[in-house]
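Visitor: Below is input.csv; it holds CSV, C-alpha atoms.
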chain,number,residue,atom,x,y,z
Y,119,MET,CA,0.0,0.0,0.0
Y,120,ASN,CA,1.5,3.3,-1.0
Y,121,HIS,CA,1.4,6.5,1.1
Y,122,ALA,CA,-1.6,8.0,-0.7
Y,123,GLN,CA,-3.6,4.8,-0.2
Y,124,HIS,CA,-2.6,4.6,3.4
Y,125,ALA,CA,-3.5,8.3,4.1
Y,126,HIS,CA,-6.8,7.8,2.4
Y,127,HIS,CA,-7.5,4.7,4.5
Y,128,PHE,CA,-7.2,6.7,7.7
Y,129,SER,CA,-8.7,10.0,6.4
Y,130,ASN,CA,-12.1,9.2,7.8
Y,131,HIS,CA,-10.7,8.7,11.3
Y,132,VAL,CA,-7.8,11.0,11.9
Y,133,PRO,CA,-7.4,14.5,10.5
Y,134,ALA,CA,-4.0,15.3,9.0
Y,135,THR,CA,-3.4,18.0,11.6
Y,136,ARG,CA,-2.4,15.5,14.3
Y,137,SER,CA,-0.2,12.5,14.0
Y,138,LEU,CA,-1.4,9.0,14.9
Y,139,ASN,CA,1.5,8.7,17.4
Y,140,ARG,CA,0.4,11.9,19.1
Y,141,ILE,CA,-3.2,10.8,19.4
Y,142,ALA,CA,-2.1,7.4,20.8
Y,143,PHE,CA,0.2,9.2,23.3
Y,144,ASP,CA,-2.7,11.5,24.4
Y,145,ALA,CA,-5.1,8.6,24.7
Y,146,THR,CA,-2.6,6.6,26.8
Y,147,LEU,CA,-1.9,9.6,29.1
Y,148,HIS,CA,-5.7,10.1,29.5
Y,149,CYS,CA,-6.2,6.4,30.3
Y,150,LEU,CA,-3.6,6.5,33.0
Y,151,THR,CA,-5.0,9.7,34.4
Y,152,GLY,CA,-8.5,8.3,34.4
Y,153,CYS,CA,-7.5,5.1,36.0
Y,154,ALA,CA,-5.7,6.9,38.8
Y,155,ILE,CA,-8.6,9.3,39.4
Y,156,GLY,CA,-11.1,6.4,39.5
Y,157,GLU,CA,-9.0,4.3,41.8
Y,158,VAL,CA,-8.3,7.1,44.3
Y,159,LEU,CA,-11.9,8.2,44.2
Y,160,GLY,CA,-13.1,4.6,44.8
Y,161,MET,CA,-10.7,4.2,47.8
Y,162,MET,CA,-11.9,7.5,49.2
Y,163,ILE,CA,-15.6,6.6,48.9
Y,164,GLY,CA,-15.2,3.1,50.2
Y,165,THR,CA,-13.1,4.2,53.2
Y,166,GLY,CA,-15.3,7.2,53.9
Y,167,LEU,CA,-18.4,4.9,54.0
Y,168,GLY,CA,-16.6,2.4,56.2
Y,169,TRP,CA,-16.8,-0.4,53.6
Y,170,SER,CA,-14.8,-3.6,53.9
Y,171,ASN,CA,-11.5,-3.8,52.1
Y,172,GLY,CA,-12.9,-6.1,49.4
Y,173,ALA,CA,-15.9,-3.8,48.7
Y,174,THR,CA,-13.6,-0.7,48.6
Y,175,ILE,CA,-11.2,-2.4,46.2
Y,176,ALA,CA,-14.1,-3.6,44.0
Y,177,LEU,CA,-15.4,0.0,43.8
Y,178,ALA,CA,-12.0,1.4,43.1
Y,179,VAL,CA,-11.3,-1.0,40.3
Y,180,THR,CA,-14.7,-0.4,38.7
Y,181,LEU,CA,-14.3,3.3,38.8
Y,182,ALA,CA,-10.8,3.0,37.5
Y,183,PHE,CA,-12.0,1.1,34.4
Y,184,ILE,CA,-14.9,3.4,33.8
Y,185,SER,CA,-12.9,6.6,34.1
Y,186,GLY,CA,-10.0,5.2,32.2
Y,187,TYR,CA,-12.2,4.3,29.2
Y,188,ALA,CA,-13.9,7.7,29.4
Y,189,PHE,CA,-10.6,9.6,29.6
Y,190,THR,CA,-9.2,7.6,26.7
Y,191,ALA,CA,-12.1,8.5,24.5
Y,192,VAL,CA,-11.6,12.2,24.8
Y,193,PRO,CA,-8.5,12.6,22.6
Y,194,LEU,CA,-9.9,10.1,20.1
Y,195,LEU,CA,-13.1,12.0,19.8
Y,196,ARG,CA,-11.3,15.3,19.5
Y,197,SER,CA,-9.3,13.8,16.6
Y,198,GLY,CA,-12.5,13.3,14.7
Y,199,MET,CA,-12.8,9.6,15.2
Y,200,PRO,CA,-16.5,8.5,15.2
Y,201,LEU,CA,-18.0,7.5,18.5
Y,202,ARG,CA,-18.5,3.8,17.6
Y,203,ALA,CA,-14.8,3.5,16.4
Y,204,THR,CA,-13.7,5.4,19.5
Y,205,ALA,CA,-15.5,3.0,21.8
Y,206,ARG,CA,-14.0,0.0,20.1
Y,207,VAL,CA,-10.5,1.4,20.1
Y,208,ALA,CA,-10.7,2.5,23.8
Y,209,LEU,CA,-12.1,-0.8,25.0
Y,210,ALA,CA,-9.6,-2.9,23.0
Y,211,ALA,CA,-6.5,-0.8,23.9
Y,212,ASP,CA,-7.3,-0.1,27.5
Y,213,THR,CA,-8.4,-3.7,28.3
Y,214,ALA,CA,-5.3,-5.1,26.7
Y,215,SER,CA,-3.1,-2.6,28.6
Y,216,MET,CA,-4.7,-3.4,31.9
Y,217,ARG,CA,-3.9,-7.1,31.8
Translate this file's structure into structure tokens.

Guide:
Amino acid sequence: MNHAQHAHHFSNHVPATRSLNRIAFDATLHCLTGCAIGEVLGMMIGTGLGWSNGATIALAVTLAFISGYAFTAVPLLRSGMPLRATARVALAADTASMR
């Protein structure tokens, strides 16, 4: 596949103004930030409510996943990627990176 064909293949997803590497970096940074916020928030809520360790950890992990996926979607949506494609990419990339 030559450069013109490759550029056309991605033209519906990523505008030429931002590189794919930059978008991936931003999405990864957002994912890490979202996970950290969700985890800390979950620990604060669980501890504040006097929940058991297991329940607090379950809440923290759940909020980490939710906020990580949400924060990852932001730069992808800003890049012009459609919502459906953004959801697939965020779920696939973040789930694989959390293993």

Visitor: Would you pick out the contacts of Thr151 of chain Y at 12 Å or less, using all atoms listed in the file, so that residues sharing its chain but fewer than 2 positions from it are not included, and give the list as a list in words?

Guide: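 The contact residues come out as Asp144, Ala145, Thr146, Leu147, His148, Cys149, Cys153, Ala154, Ile155, Gly156, Glu157, Val158, Ala182, Phe183, Ile184, Ser185, Gly186, Tyr187, Ala188, Phe189, Thr190 and Val192 of chain Y.
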
Visitor: Take the selection from the previous step and output its residues with C-alpha atoms, as a PDB file, in the frame of the given file.

Guide:
ATOM      1  CA  ASP Y 144      -2.700  11.500  24.400  1.00  0.00           C
ATOM      2  CA  ALA Y 145      -5.100   8.600  24.700  1.00  0.00           C
ATOM      3  CA  THR Y 146      -2.600   6.600  26.800  1.00  0.00           C
ATOM      4  CA  LEU Y 147      -1.900   9.600  29.100  1.00  0.00           C
ATOM      5  CA  HIS Y 148      -5.700  10.100  29.500  1.00  0.00           C
ATOM      6  CA  CYS Y 149      -6.200   6.400  30.300  1.00  0.00           C
ATOM      7  CA  CYS Y 153      -7.500   5.100  36.000  1.00  0.00           C
ATOM      8  CA  ALA Y 154      -5.700   6.900  38.800  1.00  0.00           C
ATOM      9  CA  ILE Y 155      -8.600   9.300  39.400  1.00  0.00           C
ATOM     10  CA  GLY Y 156     -11.100   6.400  39.500  1.00  0.00           C
ATOM     11  CA  GLU Y 157      -9.000   4.300  41.800  1.00  0.00           C
ATOM     12  CA  VAL Y 158      -8.300   7.100  44.300  1.00  0.00           C
ATOM     13  CA  ALA Y 182     -10.800   3.000  37.500  1.00  0.00           C
ATOM     14  CA  PHE Y 183     -12.000   1.100  34.400  1.00  0.00           C
ATOM     15  CA  ILE Y 184     -14.900   3.400  33.800  1.00  0.00           C
ATOM     16  CA  SER Y 185     -12.900   6.600  34.100  1.00  0.00           C
ATOM     17  CA  GLY Y 186     -10.000   5.200  32.200  1.00  0.00           C
ATOM     18  CA  TYR Y 187     -12.200   4.300  29.200  1.00  0.00           C
ATOM     19  CA  ALA Y 188     -13.900   7.700  29.400  1.00  0.00           C
ATOM     20  CA  PHE Y 189     -10.600   9.600  29.600  1.00  0.00           C
ATOM     21  CA  THR Y 190      -9.200   7.600  26.700  1.00  0.00           C
ATOM     22  CA  VAL Y 192     -11.600  12.200  24.800  1.00  0.00           C
TER      23      VAL Y 192
END

Visitor: To one decimal in Å, tell me the separation between atom CA of Ala210 of chain Y and atom CA of Ile175 of chain Y.

Guide: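 Separation of atom CA of Ala210 of chain Y and atom CA of Ile175 of chain Y: 23.3 Å.
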
Visitor: Could you pull the residues within 12 Å of Ala142 of chain Y, counting all atoms listed in the file, minus those fewer than 5 positions along the same chain, as a PDB file with C-alpha atoms, in the coordinates of the input?

Guide:
ATOM      1  CA  VAL Y 132      -7.800  11.000  11.900  1.00  0.00           C
ATOM      2  CA  ARG Y 136      -2.400  15.500  14.300  1.00  0.00           C
ATOM      3  CA  SER Y 137      -0.200  12.500  14.000  1.00  0.00           C
ATOM      4  CA  LEU Y 147      -1.900   9.600  29.100  1.00  0.00           C
ATOM      5  CA  HIS Y 148      -5.700  10.100  29.500  1.00  0.00           C
ATOM      6  CA  CYS Y 149      -6.200   6.400  30.300  1.00  0.00           C
ATOM      7  CA  THR Y 190      -9.200   7.600  26.700  1.00  0.00           C
ATOM      8  CA  ALA Y 191     -12.100   8.500  24.500  1.00  0.00           C
ATOM      9  CA  VAL Y 192     -11.600  12.200  24.800  1.00  0.00           C
ATOM     10  CA  PRO Y 193      -8.500  12.600  22.600  1.00  0.00           C
ATOM     11  CA  LEU Y 194      -9.900  10.100  20.100  1.00  0.00           C
ATOM     12  CA  LEU Y 195     -13.100  12.000  19.800  1.00  0.00           C
ATOM     13  CA  SER Y 197      -9.300  13.800  16.600  1.00  0.00           C
ATOM     14  CA  THR Y 204     -13.700   5.400  19.500  1.00  0.00           C
ATOM     15  CA  VAL Y 207     -10.500   1.400  20.100  1.00  0.00           C
ATOM     16  CA  ALA Y 208     -10.700   2.500  23.800  1.00  0.00           C
ATOM     17  CA  ALA Y 211      -6.500  -0.800  23.900  1.00  0.00           C
ATOM     18  CA  ASP Y 212      -7.300  -0.100  27.500  1.00  0.00           C
TER      19      ASP Y 212
END

Visitor: Enter the distance from atom CA of Asn139 of chain Y to atom CA of Val179 of chain Y, in Å, rounded to one decimal.

Guide: 28.0 Å

Visitor: Rounded to one decimal place, report the atom CA of Ala178 of chain Y-atom CA of Thr165 of chain Y distance in Å.

Guide: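 Result for atom CA of Ala178 of chain Y versus atom CA of Thr165 of chain Y: 10.5 Å, one decimal.
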
Visitor: Edge lengths and centre, in Å to one decimal, as AutoDock Vina command-line options: that's what I need for the box along x, y and z that holds all listed atoms of segment 153-157 of chain Y plus 4 Å on each side.

Guide:
--center_x -8.4 --center_y 6.8 --center_z 38.9 --size_x 13.4 --size_y 13.0 --size_z 13.8
